[in-house]
>>> print(open('run21.cif').read())   # mmCIF, C-alpha atoms
data_run
loop_
_atom_site.label_atom_id
_atom_site.label_comp_id
_atom_site.auth_asym_id
_atom_site.auth_seq_id
_atom_site.Cartn_x
_atom_site.Cartn_y
_atom_site.Cartn_z
CA MET Z 1 8.81 122.56 185.43
CA PRO Z 2 5.92 120.11 184.87
CA LYS Z 3 6.15 116.67 186.44
CA LYS Z 4 6.33 114.03 183.73
CA ILE Z 5 4.40 110.85 184.54
CA LEU Z 6 4.26 107.70 182.41
CA VAL Z 7 1.36 105.24 182.73
CA ILE Z 8 2.15 101.72 181.45
CA GLU Z 9 -1.09 99.70 181.33
CA ASP Z 10 -2.37 97.23 178.73
CA GLU Z 11 -6.07 97.65 179.66
CA ALA Z 12 -7.19 100.71 177.70
CA ALA Z 13 -10.10 101.56 180.03
CA ILE Z 14 -7.94 101.61 183.16
CA ARG Z 15 -5.19 103.47 181.33
CA ARG Z 16 -7.66 106.19 180.27
CA VAL Z 17 -8.99 106.52 183.82
CA LEU Z 18 -5.50 106.90 185.29
CA VAL Z 19 -4.45 109.46 182.69
CA LYS Z 20 -7.70 111.44 183.21
CA ILE Z 21 -7.40 111.46 187.02
CA LEU Z 22 -3.77 112.57 186.99
CA SER Z 23 -4.24 115.19 184.26
CA GLU Z 24 -7.19 116.74 186.11
CA GLU Z 25 -5.43 116.63 189.49
CA SER Z 26 -2.78 119.18 188.58
CA SER Z 27 -1.80 121.30 185.63
CA ASP Z 28 1.79 120.54 186.63
CA TYR Z 29 1.32 116.87 185.71
CA GLN Z 30 2.28 116.02 182.14
CA VAL Z 31 0.92 112.50 181.68
CA GLU Z 32 1.93 110.11 178.90
CA GLU Z 33 0.89 106.51 178.31
CA SER Z 34 2.14 103.19 176.93
CA GLU Z 35 0.08 100.09 176.22
CA ASP Z 36 2.77 97.55 177.11
CA GLY Z 37 6.08 97.18 178.92
CA LEU Z 38 8.32 97.17 175.85
CA ALA Z 39 6.88 100.43 174.56
CA GLY Z 40 7.17 101.90 178.05
CA ILE Z 41 10.86 100.99 178.33
CA GLU Z 42 11.59 102.62 174.98
CA LYS Z 43 9.97 105.85 176.19
CA ILE Z 44 11.90 105.73 179.49
CA LYS Z 45 15.17 105.36 177.59
CA LYS Z 46 14.43 108.48 175.55
CA GLU Z 47 12.67 110.71 178.09
CA ASP Z 48 13.25 111.74 181.71
CA TYR Z 49 10.19 110.88 183.77
CA ASP Z 50 9.51 111.90 187.35
CA LEU Z 51 7.24 108.90 187.99
CA VAL Z 52 6.14 105.69 186.31
CA LEU Z 53 2.89 103.86 187.08
CA CYS Z 54 3.15 100.30 185.77
CA ASP Z 55 0.72 97.40 185.60
CA ILE Z 56 2.08 94.04 186.76
CA LYS Z 57 0.34 91.61 184.39
CA MET Z 58 0.93 92.64 180.78
CA PRO Z 59 1.77 90.91 177.50
CA LYS Z 60 5.26 91.09 175.93
CA MET Z 61 6.91 92.25 179.17
CA ASP Z 62 5.36 92.07 182.64
CA GLY Z 63 5.62 94.76 185.30
CA VAL Z 64 8.32 92.98 187.31
CA GLU Z 65 10.55 92.87 184.22
CA VAL Z 66 9.85 96.56 183.54
CA LEU Z 67 10.74 97.42 187.14
CA GLU Z 68 14.03 95.51 186.95
CA ALA Z 69 14.91 97.17 183.63
CA VAL Z 70 14.14 100.69 184.90
CA LYS Z 71 16.25 100.14 188.03
CA LYS Z 72 19.18 99.38 185.75
CA ILE Z 73 18.82 102.22 183.26
CA LYS Z 74 17.31 105.03 185.40
CA PRO Z 75 17.24 103.91 189.04
CA GLU Z 76 16.22 107.35 190.31
CA ILE Z 77 12.71 107.10 188.78
CA PRO Z 78 10.14 106.00 191.40
CA MET Z 79 7.96 103.13 190.21
CA VAL Z 80 4.39 102.62 191.45
CA MET Z 81 3.01 99.19 190.53
CA ILE Z 82 -0.63 98.60 189.60
CA SER Z 83 -1.92 95.25 190.83
CA GLY Z 84 -5.06 93.20 190.30
CA HIS Z 85 -6.50 91.25 193.23
CA GLY Z 86 -4.53 88.13 192.30
CA ASP Z 87 -1.28 90.08 191.95
CA LEU Z 88 -0.99 91.31 195.55
CA ASP Z 89 1.79 88.91 196.54
CA THR Z 90 3.72 89.90 193.45
CA ALA Z 91 3.06 93.57 194.18
CA VAL Z 92 4.49 93.21 197.68
CA ASN Z 93 7.53 91.45 196.20
CA THR Z 94 8.11 94.38 193.82
CA MET Z 95 8.67 96.57 196.89
CA ARG Z 96 11.66 94.41 197.72
CA LEU Z 97 12.89 94.92 194.17
CA GLY Z 98 12.79 98.70 194.55
CA ALA Z 99 9.22 99.77 193.73
CA PHE Z 100 8.08 102.85 195.62
CA ASP Z 101 4.57 101.49 196.29
CA TYR Z 102 1.65 99.67 194.67
CA ILE Z 103 -2.03 100.45 194.17
CA SER Z 104 -4.83 97.97 193.57
CA LYS Z 105 -7.37 97.87 190.75
CA PRO Z 106 -9.76 99.59 190.56
CA PRO Z 107 -7.69 102.47 191.96
CA ASP Z 108 -8.97 104.33 195.01
CA LEU Z 109 -8.77 108.02 194.12
CA ASN Z 110 -7.34 109.31 197.42
CA ARG Z 111 -4.82 106.47 197.72
CA LEU Z 112 -3.71 106.96 194.12
CA LEU Z 113 -3.17 110.71 194.45
CA ASN Z 114 -1.41 110.44 197.83
CA THR Z 115 0.94 107.78 196.45
CA VAL Z 116 1.70 109.91 193.38
CA ARG Z 117 2.44 113.00 195.51
CA ASN Z 118 4.70 111.05 197.87
CA ALA Z 119 6.56 109.40 194.99
CA LEU Z 120 7.16 112.76 193.29
CA ASP Z 121 8.41 114.24 196.58
CA ARG Z 122 10.80 111.30 196.91
CA LYS Z 123 12.11 111.92 193.37
CA GLU Z 124 12.84 115.56 194.23
CA LEU Z 125 14.83 114.47 197.27
CA VAL Z 126 16.84 111.98 195.22
CA VAL Z 127 17.65 114.64 192.61
CA GLU Z 128 18.63 117.17 195.29
CA ASN Z 129 20.92 114.63 196.97
CA LYS Z 130 22.61 113.94 193.63
CA LYS Z 131 23.20 117.66 193.13
CA LEU Z 132 24.70 117.96 196.60
CA LYS Z 133 26.99 115.00 195.94
CA LYS Z 134 28.26 116.67 192.79
CA LYS Z 135 29.34 119.76 194.71
CA VAL Z 136 32.98 119.71 195.70
CA SER Z 137 34.06 121.27 199.00
CA LYS Z 138 35.52 124.78 198.69
CA LYS Z 139 38.86 123.50 199.95
CA TYR Z 140 39.35 121.79 196.59
CA GLU Z 141 37.94 124.35 194.16
CA MET Z 142 39.33 124.09 190.64
CA VAL Z 143 39.64 127.69 189.49
CA GLY Z 144 39.98 128.52 185.82
CA GLU Z 145 38.17 128.82 182.52
CA SER Z 146 41.05 128.14 180.13
CA LYS Z 147 40.63 125.49 177.48
CA ALA Z 148 42.94 123.07 179.33
CA ILE Z 149 41.06 123.41 182.65
CA SER Z 150 37.67 123.15 180.93
CA GLN Z 151 38.78 119.91 179.30
CA ILE Z 152 39.89 118.52 182.67
CA LYS Z 153 36.53 119.42 184.22
CA ASP Z 154 34.73 117.66 181.35
CA ILE Z 155 36.83 114.54 181.83
CA ILE Z 156 36.11 114.55 185.57
CA GLU Z 157 32.34 114.78 184.99
CA LYS Z 158 32.49 111.74 182.69
CA VAL Z 159 34.97 109.65 184.67
CA ALA Z 160 34.11 110.40 188.30
CA PRO Z 161 30.90 108.28 188.46
CA THR Z 162 32.84 105.22 187.22
CA ASP Z 163 35.47 103.15 189.01
CA ALA Z 164 38.02 103.69 186.24
CA ARG Z 165 41.58 104.20 187.46
CA VAL Z 166 43.07 107.60 186.71
CA LEU Z 167 46.68 108.70 186.34
CA ILE Z 168 47.19 112.45 186.83
CA THR Z 169 50.40 113.96 185.47
CA GLY Z 170 51.87 117.44 185.60
CA PRO Z 171 54.62 119.52 187.21
CA ASN Z 172 54.79 120.12 190.97
CA GLY Z 173 52.39 122.74 192.30
CA THR Z 174 49.84 122.51 189.48
CA GLY Z 175 47.01 121.09 191.60
CA LYS Z 176 47.05 117.36 190.82
CA GLU Z 177 45.63 116.63 194.27
CA ILE Z 178 42.65 118.92 193.50
CA VAL Z 179 41.83 116.80 190.43
CA ALA Z 180 42.02 113.69 192.60
CA HIS Z 181 39.63 115.16 195.18
CA TRP Z 182 37.17 116.21 192.48
CA LEU Z 183 37.20 112.67 191.09
CA HIS Z 184 36.46 111.26 194.54
CA GLU Z 185 33.88 113.79 195.69
CA LYS Z 186 31.88 113.50 192.46
CA SER Z 187 31.96 109.68 192.57
CA GLU Z 188 29.59 107.12 194.06
CA ARG Z 189 32.32 106.51 196.69
CA SER Z 190 32.20 110.07 198.04
CA LYS Z 191 30.65 109.02 201.37
CA ALA Z 192 33.57 106.68 202.03
CA ASN Z 193 37.17 107.63 202.77
CA MET Z 194 39.68 109.10 200.39
CA ILE Z 195 43.09 108.09 201.72
CA GLU Z 196 46.10 110.06 200.50
CA VAL Z 197 49.60 108.56 200.35
CA ASN Z 198 52.62 110.66 199.41
CA CYS Z 199 54.88 107.94 198.07
CA ALA Z 200 57.87 110.31 197.91
CA ALA Z 201 57.63 111.14 201.62
CA ILE Z 202 57.75 107.54 202.90
CA PRO Z 203 61.09 105.71 203.14
CA SER Z 204 61.29 102.83 200.64
CA GLU Z 205 61.67 100.26 203.45
CA LEU Z 206 58.39 101.41 205.03
CA ILE Z 207 56.20 101.98 201.95
CA GLU Z 208 54.88 98.40 201.82
CA SER Z 209 53.90 98.48 205.50
CA GLU Z 210 52.27 101.89 204.99
CA LEU Z 211 50.23 100.68 202.02
CA PHE Z 212 49.35 97.13 203.06
CA GLY Z 213 49.84 97.07 206.83
CA HIS Z 214 51.82 94.50 208.82
CA VAL Z 215 51.42 91.82 211.44
CA LYS Z 216 53.08 91.80 214.83
CA GLY Z 217 56.70 90.70 214.58
CA ALA Z 218 56.98 91.33 210.83
CA PHE Z 219 60.01 93.53 211.53
CA THR Z 220 61.83 94.94 214.57
CA SER Z 221 59.44 97.79 215.43
CA ALA Z 222 56.24 95.90 214.52
CA ASN Z 223 54.85 95.62 218.05
CA LYS Z 224 51.26 94.96 216.98
CA ASP Z 225 49.12 94.25 213.93
CA ARG Z 226 48.48 97.35 211.86
CA ALA Z 227 46.13 97.95 208.94
CA GLY Z 228 47.51 99.76 205.90
CA LYS Z 229 46.17 102.50 203.68
CA PHE Z 230 44.47 100.11 201.26
CA GLU Z 231 42.36 98.68 204.09
CA ALA Z 232 41.58 102.18 205.38
CA ALA Z 233 40.36 103.12 201.90
CA ASN Z 234 38.14 100.04 201.52
CA GLY Z 235 34.92 101.09 199.83
CA GLY Z 236 36.45 104.44 198.93
CA THR Z 237 39.44 105.86 197.07
CA ILE Z 238 43.19 105.71 197.58
CA PHE Z 239 45.26 108.52 196.09
CA LEU Z 240 48.85 107.50 195.42
CA ASP Z 241 50.63 110.81 194.98
CA GLU Z 242 54.14 110.86 193.45
CA ILE Z 243 53.80 107.20 192.50
CA GLY Z 244 56.89 107.54 190.30
CA ASP Z 245 58.95 107.49 193.52
CA MET Z 246 57.59 104.11 194.67
CA SER Z 247 60.06 101.20 194.96
CA LEU Z 248 59.85 98.36 192.44
CA SER Z 249 58.96 95.82 195.16
CA ALA Z 250 56.06 98.01 196.33
CA GLN Z 251 54.99 98.47 192.71
CA ALA Z 252 54.72 94.68 192.34
CA LYS Z 253 52.40 94.49 195.34
CA VAL Z 254 50.28 97.40 194.13
CA LEU Z 255 49.97 95.64 190.77
CA ARG Z 256 48.73 92.48 192.49
CA ALA Z 257 46.22 94.51 194.50
CA LEU Z 258 44.86 96.04 191.29
CA GLN Z 259 44.72 92.70 189.48
CA GLU Z 260 43.11 90.65 192.25
CA ASN Z 261 41.52 93.21 194.58
CA ARG Z 262 43.44 91.52 197.37
CA ILE Z 263 46.37 92.50 199.57
CA GLN Z 264 48.61 90.83 202.13
CA ARG Z 265 49.96 92.54 205.20
CA VAL Z 266 53.74 92.50 205.55
CA GLY Z 267 54.71 89.30 207.36
CA SER Z 268 51.42 87.53 206.56
CA ASP Z 269 50.34 85.12 203.84
CA LYS Z 270 46.65 85.77 204.47
CA ASP Z 271 44.74 87.50 201.67
CA ILE Z 272 42.53 90.45 202.56
CA LYS Z 273 39.89 91.44 200.02
CA VAL Z 274 39.67 95.17 199.31
CA ASP Z 275 37.33 97.29 197.18
CA VAL Z 276 39.33 100.41 196.39
CA ARG Z 277 39.41 102.87 193.53
CA VAL Z 278 42.98 103.88 192.76
CA ILE Z 279 43.93 107.37 191.59
CA ALA Z 280 47.62 108.04 191.07
CA ALA Z 281 49.66 111.16 190.32
CA THR Z 282 53.21 111.93 189.35
CA ASN Z 283 55.40 114.79 188.14
CA LYS Z 284 57.71 112.32 186.41
CA ASP Z 285 57.71 111.04 182.86
CA LEU Z 286 56.73 107.45 183.63
CA LYS Z 287 57.47 106.25 180.11
CA LYS Z 288 61.06 107.41 180.58
CA GLU Z 289 61.09 105.77 184.02
CA ILE Z 290 59.93 102.53 182.36
CA ALA Z 291 62.71 102.78 179.78
CA ASP Z 292 65.22 103.30 182.60
CA GLY Z 293 63.93 100.24 184.47
CA LYS Z 294 62.60 102.31 187.39
CA PHE Z 295 58.87 101.80 186.83
CA ARG Z 296 56.87 98.72 185.86
CA GLU Z 297 55.23 98.96 182.46
CA ASP Z 298 52.42 96.58 183.46
CA LEU Z 299 51.60 98.77 186.48
CA TYR Z 300 51.60 101.87 184.28
CA HIS Z 301 49.00 100.34 181.98
CA ARG Z 302 46.89 99.30 184.98
CA LEU Z 303 46.95 102.83 186.39
CA ALA Z 304 46.62 104.83 183.19
CA VAL Z 305 43.12 103.75 182.15
CA ILE Z 306 42.31 107.48 182.06
CA LEU Z 307 45.11 110.01 181.70
CA VAL Z 308 44.67 113.57 182.97
CA LYS Z 309 47.45 116.05 182.26
CA VAL Z 310 47.38 119.15 184.46
CA PRO Z 311 49.05 122.08 182.68
CA ALA Z 312 51.76 124.31 184.12
CA LEU Z 313 50.56 127.77 185.16
CA ASN Z 314 52.67 129.29 182.37
CA ASP Z 315 50.44 127.39 179.92
CA ARG Z 316 47.21 128.85 181.33
CA ARG Z 317 48.05 132.50 181.98
CA ASP Z 318 44.47 133.57 181.15
CA ASP Z 319 43.41 131.95 184.43
CA ILE Z 320 45.77 134.06 186.56
CA PRO Z 321 43.29 136.96 187.18
CA LEU Z 322 40.70 134.39 188.37
CA LEU Z 323 43.29 132.72 190.60
CA ILE Z 324 44.35 136.07 192.07
CA ASN Z 325 40.73 136.87 192.94
CA HIS Z 326 40.23 133.38 194.37
CA PHE Z 327 43.32 133.54 196.58
CA THR Z 328 42.63 137.08 197.82
CA LYS Z 329 39.17 136.02 198.99
CA LYS Z 330 40.49 132.85 200.58
CA ILE Z 331 43.38 134.57 202.38
CA ALA Z 332 41.10 137.36 203.63
CA ASP Z 333 38.71 134.74 205.07
CA GLU Z 334 41.58 132.86 206.70
CA GLN Z 335 43.05 136.00 208.25
CA GLY Z 336 39.74 137.68 209.09
CA THR Z 337 40.69 140.82 207.18
CA ALA Z 338 39.13 142.89 204.41
CA GLN Z 339 39.80 141.65 200.91
CA LYS Z 340 42.39 143.65 198.98
CA THR Z 341 42.17 144.48 195.30
CA PHE Z 342 44.85 144.37 192.63
CA SER Z 343 45.37 147.07 190.02
CA ASP Z 344 45.13 146.08 186.35
CA LYS Z 345 48.84 146.75 185.90
CA ALA Z 346 49.68 144.54 188.90
CA ILE Z 347 47.61 141.70 187.46
CA LYS Z 348 49.20 142.13 184.04
CA LEU Z 349 52.68 142.00 185.56
CA LEU Z 350 51.81 138.82 187.47
CA GLN Z 351 50.50 137.28 184.25
CA ASP Z 352 53.87 137.92 182.61
CA TYR Z 353 55.92 136.23 185.35
CA ASP Z 354 57.63 132.88 184.84
CA TRP Z 355 55.78 130.67 187.34
CA THR Z 356 58.21 127.78 187.79
CA GLY Z 357 56.47 126.87 191.06
CA ASN Z 358 53.05 127.01 189.39
CA ILE Z 359 49.87 127.65 191.41
CA ARG Z 360 51.57 126.91 194.71
CA GLU Z 361 54.09 129.69 194.03
CA LEU Z 362 51.37 132.10 192.87
CA ARG Z 363 49.41 131.53 196.08
CA ASN Z 364 52.48 132.32 198.20
CA VAL Z 365 53.19 135.50 196.21
CA ILE Z 366 49.56 136.67 196.55
CA GLU Z 367 49.70 136.16 200.32
CA ARG Z 368 52.98 138.11 200.51
CA LEU Z 369 51.50 140.98 198.48
CA ILE Z 370 48.36 141.08 200.65
CA ILE Z 371 50.45 141.31 203.82
CA LEU Z 372 53.11 143.76 202.55
CA GLY Z 373 51.40 145.61 199.69
CA SER Z 374 49.17 148.68 199.52
CA SER Z 375 45.40 148.64 200.12
CA GLU Z 376 45.17 148.26 196.34
CA VAL Z 377 48.14 146.14 195.32
CA SER Z 378 50.03 148.12 192.70
CA GLU Z 379 52.53 147.39 189.95
CA GLU Z 380 55.24 148.81 192.25
CA ASP Z 381 54.21 146.41 195.03
CA VAL Z 382 54.56 143.48 192.63
CA LYS Z 383 58.00 144.65 191.51
CA LEU Z 384 59.10 145.14 195.13
CA PHE Z 385 57.62 142.12 196.92
CA ALA Z 386 57.13 139.52 194.19
CA ALA Z 387 60.51 139.91 192.56
CA LYS Z 388 62.23 136.68 191.62
#
>>> encode(input="run21.cif", output="structure tokens")
Amino acid sequence: MPKKILVIEDEAAIRRVLVKILSEESSDYQVEESEDGLAGIEKIKKEDYDLVLCDIKMPKMDGVEVLEAVKKIKPEIPMVMISGHGDLDTAVNTMRLGAFDYISKPPDLNRLLNTVRNALDRKELVVENKKLKKKVSKKYEMVGESKAISQIKDIIEKVAPTDARVLITGPNGTGKEIVAHWLHEKSERSKANMIEVNCAAIPSELIESELFGHVKGAFTSANKDRAGKFEAANGGTIFLDEIGDMSLSAQAKVLRALQENRIQRVGSDKDIKVDVRVIAATNKDLKKEIADGKFREDLYHRLAVILVKVPALNDRRDDIPLLINHFTKKIADEQGTAQKTFSDKAIKLLQDYDWTGNIRELRNVIERLIILGSSEVSEEDVKLFAAK
């Protein structure tokens, strides 16, 4: 792929020289030009450039303004500033604003080409890092090509880079926690913690302490100050699983945390500022819970900025062959054994089952068949070992 370079320079003679030097340096350089900052910004909005060389003193829009604009719309593009003798202080200041480097007029050929090469190398590293960030660890692979799963993947790609709150719904065992991990690992918060809280597993009298922490003496067993999950997730993501089981008093405090980005430890009146993205999940019908007075409507609307509904396995049977293959590989790796195969009839029979336990149940059945079944798992093995 050619490297696209944009030269923004109002002096036609210098612009021609820069374009000529770069075009002759490498056939991989595709060089375009703009005579002022406004025209340059319009091109940057429409095209993906690998590098921009930009003069500092220009009419309509100076180089500093162009730099600031580019850092907002396409921050990954390296900017090399072109400075006249009287612009050196400004050129140095642009480095603080995010410019990759600056070159002086008239440009020294070796310095110009070295700077361009280094800037392009830097761009490649930035792009590669972004690709790596978008990869999700194999532990949380989302397997499936059904329409429902494809739609979920599309939503994740759009929503993950934002800080929008997400409410994930669906029956138990469908993989709601996998959606949550994808949202975190594809986000700008992926280097920070993702803290998981199973609201159904924590006694109602302890949930507030678990979420927000407590101070010494707040209750009988509070022997020392303790930070909660919201503080542990600061700068990252907190995943509130089974939020439909949270007590109303804890819901009120979570609502305040979302409204004000502040929490208070149990037994303290001191506010602690937190920067946390909240992802929640539930297998309950929260609208019914609201009607029954068991869930706060205002909290629901705070959480459900984006709704993701994970389908039951019975609603995505076309994905079952892919899931069988995925689990057989994973189980073989875990057990250090050769991977077994499944006959077509065995797969068809598994596709026809009523999977009330969803993916979690399918995974358990596959493991049972691998341990107890034939070298090629047959229809008879399924009938014998996977019977309901």
>>> atom_distance(input="run21.cif", atom1="CA of Asn325 (chain Z)", atom2="CA of Lys348 (chain Z)")
13.4 Å
>>> resolve_selection(input="run21.cif", expression="the PyMOL selection byres ((chain Z and resi 91) around 10)", output="PyMOL selection string")
chain Z and resi 55-56+63-64+80-90+92-97+99+101-104
>>> closest_residue(input="run21.cif", among="Z:Lys4, Z:Lys284, Z:Lys273, Z:Lys158", to="Arg256 (chain Z)", atoms="only C-alpha atoms")
Z:Lys273
>>> atom_distance(input="run21.cif", atom1="CA of Met142 (chain Z)", atom2="CA of Lys329 (chain Z)")
14.6 Å
>>> closest_residue(input="run21.cif", among="Z:Asn198, Z:Gln351, Z:Asn118, Z:Gln264", to="Asn314 (chain Z)", atoms="all atoms listed in the file")
Z:Gln351
>>> axis_aligned_box(input="run21.cif", around="region 34-41 of chain Z", padding_each_side="4 Å", output="lines of an AutoDock Vina configuration file")
center_x = 5.5
center_y = 100.2
center_z = 176.7
size_x = 18.8
size_y = 14.0
size_z = 12.4
>>> atom_distance(input="run21.cif", atom1="CA of Asn283 (chain Z)", atom2="CA of Glu242 (chain Z)")
6.7 Å
